[in-house]
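Asks: Dumping the structure here so I can ask a few things about it.
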Amino acid sequence: MERERIGSIARGKAGARAWDQPKQQWGRIVGNAALGLVVALFLGFLTLPVVALLLRVPVEALWSYTSNPIVLDALGLSLLTTLLSLALMLLLGTPVAYMLARYSFAGKHVLDTLVELPLVMPPAVAGVALLLAFGRHGLLGSVLEGAGLDLAFSTAAVVLAQVFVASPFYIKAARSAFQNVPVELDESAATEGAGRWARFQKIVLPLALPGMAGGAIMAWARSLGEFGATILFAGNFQGRTQTMPLAIYTALESDLNAAIVLSAILVVASFALLITFKVLSGRQLDVVGLGQ
Amino acid sequence: MKSVRTLSVAPSLLCLLLVAGCGGQAITPTAQPGAVSPVATDTGTLNGTLTVFAAASLKDAFDAMVNGLKEKGMSDVTYNYAGSQALVAQLGQGAKADVFASADAKSMEAAIVAGAVMSGTQQVLATNKLVVITARGDTPKVTTLKDLAKPGIKLDLAGPSVPAGNYALQALDKLSSDPAYGSDFKARALANVVSREDNVRQVLSKVQLGEADAGIVYATDAKAKPMPGRIMRPVPLGVGTIEIPDQYNVTALYYIAPVKDAPHPQAAKGFIEYVLSGEGQQVLASYGFGRAVQSK
């Protein structure tokens with residue numbers, strides 16, 4: 001609406017003329033009403049499930065569910081595995097993102113595409129692929145067995161599944177954060193004799209940090225919600241591989257309230273993560289002088 | 001205006017997207033479930049698709065009934081196979097189905113409590129037994145029942161709310177009460193459990209893939225054809241079997257019933273009659289199921 005009015009003011013005479021013609025005015029009203037209706041419908045469609053979920057939270061029994069072993073184990077395991085996944089993604093993803101942002105090399109497009117592949121790969125496919133690669137009789141199965149590593153049905157398998165599906169969210173964001181740091185800053189520091197690590201630490205990292213943090217938060221949210229790859233690759237065992245989404249799936253067949261409580265916790269957590277992301281990504285734009 | 005419309009349209013939109021979740025209101029206590037038509041010739045005919053919700057372990061046998069059912073005029077039967085407890089959850093949430101076949105009495109009772117099946121309409125469909133299945137390999141880690149409690153083996157079971165998982169716990173109880181196995185046998189075996197699957201077929205698949213060393217499934221599952229496919233192992237997919245002696249075993253009772261407010265009550269009745277007929281029972285027997293001796 002606001003934009004429409006500004007538009008008509010900007011158009012000056014033409015706008016004034018349109019204002020005089022009731023036919024066009026009606027057309028605009030109908031158009032806006034249709035637009036508003038579509039937006040309202042879609043908004044309703046998006047928010048109604050969340051509202052329905054929160055409405056059904058068993059408030060009177062909430063306290064007993066927060067001490068329910070299934071709920072507690074799932075919460076604890078989700079927290080543990082997603083934090084481990086996050087640490088792994090930061091540790092291994094940051095160099096990849098930096099390399100993609102700052103260097104050109106042969107096969108860069110290939111690397112770029114491979115890194116983003118899990119974004120478009122269905123999680124169930126990721127689960128089967130992980131099983132055939134790292135399962136006991138997968139491609140690396142005997143190598144892992146020789147090294148004394150048995151990933152089958154382990155918490156480590158949960159972490160692998162999460163890193164696999166969520167790392168692109170971090171790498172993509174970190175890459176563009178690195179790209180947004182002006183190369184000139186880096187170069188002028190170099191002419192003043194600052195070493196490579198010092199420049200990364202003192203210039204690039206602080207400027208890229210908000211963007212990296214935003215990506216890390218999205219990756220964290222994605223690993224919190226990871227279901228398909230986990231249940232296929234790591235199995236479903238309370239306290240060991242049954243993360244919150246798996247617990248929700250299992251509880252839906254025996255205890256609707258437990259499923260709702262876990263779902264509500266995940267909704268609130270995801271919402272908090274999203275808000276944090278929004279705040280951080282606003283700040284990132286400010287840092288590089290692109291903000292409002 | 002707008003908000004009123006949003007509220008009235010959005011739920012039906014949701015229903016379009018989440019088909020299974022919308023029949024909830026349709027179940028009314030006054031409805032006549034599985035109403036019996038006096039016209040016998042009409043019994044098996046079907047217009048539309050007959051939907052059968054069946055325990056995962058019935059898959060091979062029910063799939064094999066296609067031809068027999070076709071002769072009875074039921075050529076369009078859709079099966080939804082899952083753990084019985086999952087099917088009850090779906091029925092309870094209003095999923096449309098005509099027939100429900102469960103792998104235990106508990107799930108059938110849960111369907112009655114949920115209002116999806118009318119009490120007294122359920123009949124015993126077949127019986128089954130449990131066996132231990134083992135991963136194939138050069139050096140199998142599990143060769144006897146006692147090995148289930150050997151530290152370090154990976155045992156896969158169906159979840160405790162899944163009929164097969166519940167039966168498995170009962171069998172472990174019986175083994176524990178025999179001094180030959182020791183009173184802590186069940187506890188030691190349960191310490192080896194690595195996953196609680198959603199249905200018994202998932203147990204079969206995890207053991208076939210060799211991810212788990214052993215699992216407890218129905219005798220009929222152990223006889224199922226190995227999955228096609230290949231993993232990094234010289235032996236083809238498939239499982240070894242260890243019988244559980246009768247004194248430790250459990251008789252799994254399968255129940256079948258028409259679903260209340262079934263879209264096709266006549267065809268549902270025809271389907272149930274067929275699987276309980278000599279011909280249907282023979283198909284079940286050929287897949288290793290026991291005959292439905294008692295009816296309720």
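Starting from 1 in every chain, residues are counted up; chains themselves are A, B, ... following the order of the structure tokens, and ligands are numbered from 1 as listed.
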Please identify all residues of chain A having at least one atom at most 8 Å from any atom of chain B, considering only C-alpha atoms, and return them as a ChimeraX atom specification.
Replies: /A:37,40-41,44-45,48,132,135-139,152-153,235-237,250,252-254
Asks: At a cut-off of 8 Å, using only C-alpha atoms, what residues contact region 108-117 of chain A? Leave out same-chain residues fewer than 5 positions from it and give the result as a PDB file with N, CA and C atoms, in the first residue's frame.
Replies:
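Result saved to out-v7.pdb:
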```pdb
ATOM      1  N   LEU A 100      37.121 -21.257  -0.610  1.00  0.00           N
ATOM      2  CA  LEU A 100      36.171 -20.960  -1.682  1.00  0.00           C
ATOM      3  C   LEU A 100      36.003 -19.451  -1.867  1.00  0.00           C
ATOM      4  N   PRO A 168      26.437 -27.592   4.703  1.00  0.00           N
ATOM      5  CA  PRO A 168      26.331 -26.579   3.636  1.00  0.00           C
ATOM      6  C   PRO A 168      25.753 -25.256   4.124  1.00  0.00           C
ATOM      7  N   ILE A 171      28.767 -23.471   5.592  1.00  0.00           N
ATOM      8  CA  ILE A 171      29.825 -23.156   4.620  1.00  0.00           C
ATOM      9  C   ILE A 171      29.375 -22.050   3.661  1.00  0.00           C
ATOM     10  N   LYS A 172      28.140 -22.133   3.200  1.00  0.00           N
ATOM     11  CA  LYS A 172      27.630 -21.097   2.290  1.00  0.00           C
ATOM     12  C   LYS A 172      27.673 -19.712   2.936  1.00  0.00           C
TER      13      LYS A 172
END
```
Asks: Please measure the separation of CA of Lys106 (chain B) and CA of Ala55 (chain B), giving the value in Å to one decimal.
Replies: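 CA of Ala55 (chain B) lies 12.7 Å from CA of Lys106 (chain B).
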Asks: So that I can see what lies close to Ala56 (chain B), please list as a list in words the residues with an atom at most 10 Å from it, counting only C-alpha atoms and leaving out residues fewer than 3 positions away in the same chain.
Replies: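 With the cut-off at 10 Å, the set is Phe53, Lys59, Asp60, Asn80, Tyr81, Ala82, Gly83, Ser84, Leu87, Ala101, Ser102, Ala103, Ala164, Asp198, Asn199, Val200, Arg201, Gln202 and Asp221 of chain B.
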Asks: To test your reading of the structure, identify every residue in region 103-220 of chain B that backbone DSSP assigns to strand (DSSP E or B), and report it as a ChimeraX atom specification.
Replies: /B:123-128,130-135,155-158,193-197,214-218
Asks: Please report, as an MDAnalysis selection string, each residue of region 94-211 of chain A to which DSSP assigns helix (DSSP H, G or I) when run on this structure's backbone.
Replies: chainID A and resid 94:102 108:120 123:134 141:146 155:179 183:191 196:211
Asks: Using only C-alpha atoms for the distances, tell me which of B:Ser277, B:Ser107, B:Gln282, B:Thr134 is nearest to Ser205 (chain B).
Replies: B:Thr134
Asks: Write out as JSON, numbers by chain which residues come within 8 Å of Lys129 (chain B) when counting only C-alpha atoms, dropping same-chain ones fewer than 4 positions away.
Replies: {"B": [218, 219, 220, 249, 250, 251, 252]}
Asks: Rounded to one decimal place, report the CA of Leu72 (chain A)-CA of Leu262 (chain A) distance in Å.
Replies: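 Distance reported for this atom pair: 9.5 Å.
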Asks: Return the single residue from B:Gln93, B:Ser75, B:Thr241, B:Ser57 that is closest to Leu256 (chain A), with distances computed using only C-alpha atoms.
Replies: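 Smallest separation from Leu256 (chain A) among the options: B:Gln93.
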